[in-house]
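Participant: Could you have a look at this structure, given as structure tokens, before my questions?
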Amino acid sequence: MTGVPASVFVPFLSTETLYLFVVLMVPVLLLYLFIIVSEEAFELAGMKASRAIIMTIGALVGSLIDIPFAITDGVVLAVNVGGCIIPLFLSVEVVARQRVRPGPAALAVLFVALVSYYFATPVEGEGILMPFYIAPLAGAFAGILLAGADITSPGTAYVGGAMGTLLGADIFLLATPGTIETISGGEMAVLSIGGAGVFDGIFLTGIIAVFLAAVVARRVRRVDTGV
């Protein structure tokens, strides 16, 4: 006699439909996690939660928008809203609200800019490339070194990481003779400051640098207080 299960759950959707549902939900979940993580990073840097959410969503949408501002040797230079303008705005706001000390923040920007300039490389047809871990580590290091273990270290790490990458890996390198010609390969091209792969460098650098600096600063404070 063959055994028969007492109850069987029959799916409302076919296997193919379930697979499609999973495939569609994964990007949504990743986007949600990205927004949550970014919001937390901006709060650590000294921003209010509502402001942090607006800036995160604005950066995501703005990454699709390039604003041209000049043409040189047949190459259009533009700024990316999400990867350049919004990080710049956030950094100015963090400094203006006195979430960081101007001196250490400026030195952090200079340090990360020099590191980014050294490691960034112009590649024909691809843009300016740099190992993803360099700038976040430099930003976190600068935040801890220059601001210590106090509450300003995450903000200093963000400003240093984001603005230092923008200056060193974008502006300084683009201003170096031969860089634009190398990237464009003599063809018509649009070079977006803070756009495409550099968006990852600038926006994500700030976020990762904040978390690294916050974790290290918290550890140092625990050691100092004996907790």
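In the structure tokens, chains take the letters A, B, ... in the order shown, each chain's residues start at 1, and ligands count up from 1 in the order shown.
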What's around Leu90 (chain A) at 12 Å? Count only C-alpha atoms, leave out sequence neighbours fewer than 3 positions away in its own chain, and write the answer as JSON, numbers by chain.

Facilitator: {"A": [41, 42, 43, 45, 46, 47, 48, 51, 52, 54, 55, 56, 58, 59, 82, 83, 84, 85, 86, 87, 93, 94, 95, 96, 97, 99, 155, 156, 158, 159, 160, 162, 163, 203, 206, 207]}

Participant: In region 81-140 of chain A, what's strand (DSSP E or B) per DSSP? Answer as a list in words?

Facilitator: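 These are the residues in question: Thr121, Pro122, Val123, Gly127, Ile128 and Leu129 of chain A.
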
Participant: Produce a file of the selected residues containing N, CA and C atoms, as a PDB file, in the first residue's frame.

Facilitator:
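Output file again_39.pdb follows:
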ATOM      1  N   THR A 121      44.126  55.651 -12.857  1.00  0.00           N
ATOM      2  CA  THR A 121      44.760  55.473 -14.157  1.00  0.00           C
ATOM      3  C   THR A 121      43.743  55.733 -15.274  1.00  0.00           C
ATOM      4  N   PRO A 122      44.060  56.643 -16.211  1.00  0.00           N
ATOM      5  CA  PRO A 122      43.160  56.842 -17.360  1.00  0.00           C
ATOM      6  C   PRO A 122      43.294  55.691 -18.346  1.00  0.00           C
ATOM      7  N   VAL A 123      42.167  55.121 -18.757  1.00  0.00           N
ATOM      8  CA  VAL A 123      42.163  53.981 -19.677  1.00  0.00           C
ATOM      9  C   VAL A 123      41.290  54.330 -20.876  1.00  0.00           C
ATOM     10  N   GLY A 127      37.560  55.245 -19.164  1.00  0.00           N
ATOM     11  CA  GLY A 127      37.527  56.342 -18.203  1.00  0.00           C
ATOM     12  C   GLY A 127      38.692  56.263 -17.235  1.00  0.00           C
ATOM     13  N   ILE A 128      38.460  56.744 -16.022  1.00  0.00           N
ATOM     14  CA  ILE A 128      39.498  56.756 -14.996  1.00  0.00           C
ATOM     15  C   ILE A 128      39.222  55.607 -14.027  1.00  0.00           C
ATOM     16  N   LEU A 129      40.165  54.686 -13.924  1.00  0.00           N
ATOM     17  CA  LEU A 129      39.989  53.497 -13.101  1.00  0.00           C
ATOM     18  C   LEU A 129      40.924  53.536 -11.901  1.00  0.00           C
TER      19      LEU A 129
END

Participant: May I ask which of the residues A:Thr165, A:Ser50, A:Ser116, A:Thr179 is the closest one to Leu88 (chain A), counting only C-alpha atoms?

Facilitator: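 The closest residue to Leu88 (chain A) is A:Thr165.
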
Participant: Between CA of Ser184 (chain A) and CA of Glu126 (chain A), what distance in Å does the model show, to one decimal?

Facilitator: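 If I compute the distance from CA of Ser184 (chain A) to CA of Glu126 (chain A), I get 8.7 Å.
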
Participant: Run DSSP on the backbone and grab whatever in region 51-119 of chain A lands in alpha helix (DSSP H); send it over as a count of residues only.

Facilitator: 41

Participant: Which one is closest to Pro131 (chain A): A:Thr205, A:Ser91, A:Ser153, A:Ser38? Count only C-alpha atoms.

Facilitator: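 Looking at the shortest contact to Pro131 (chain A), the residue is A:Thr205.
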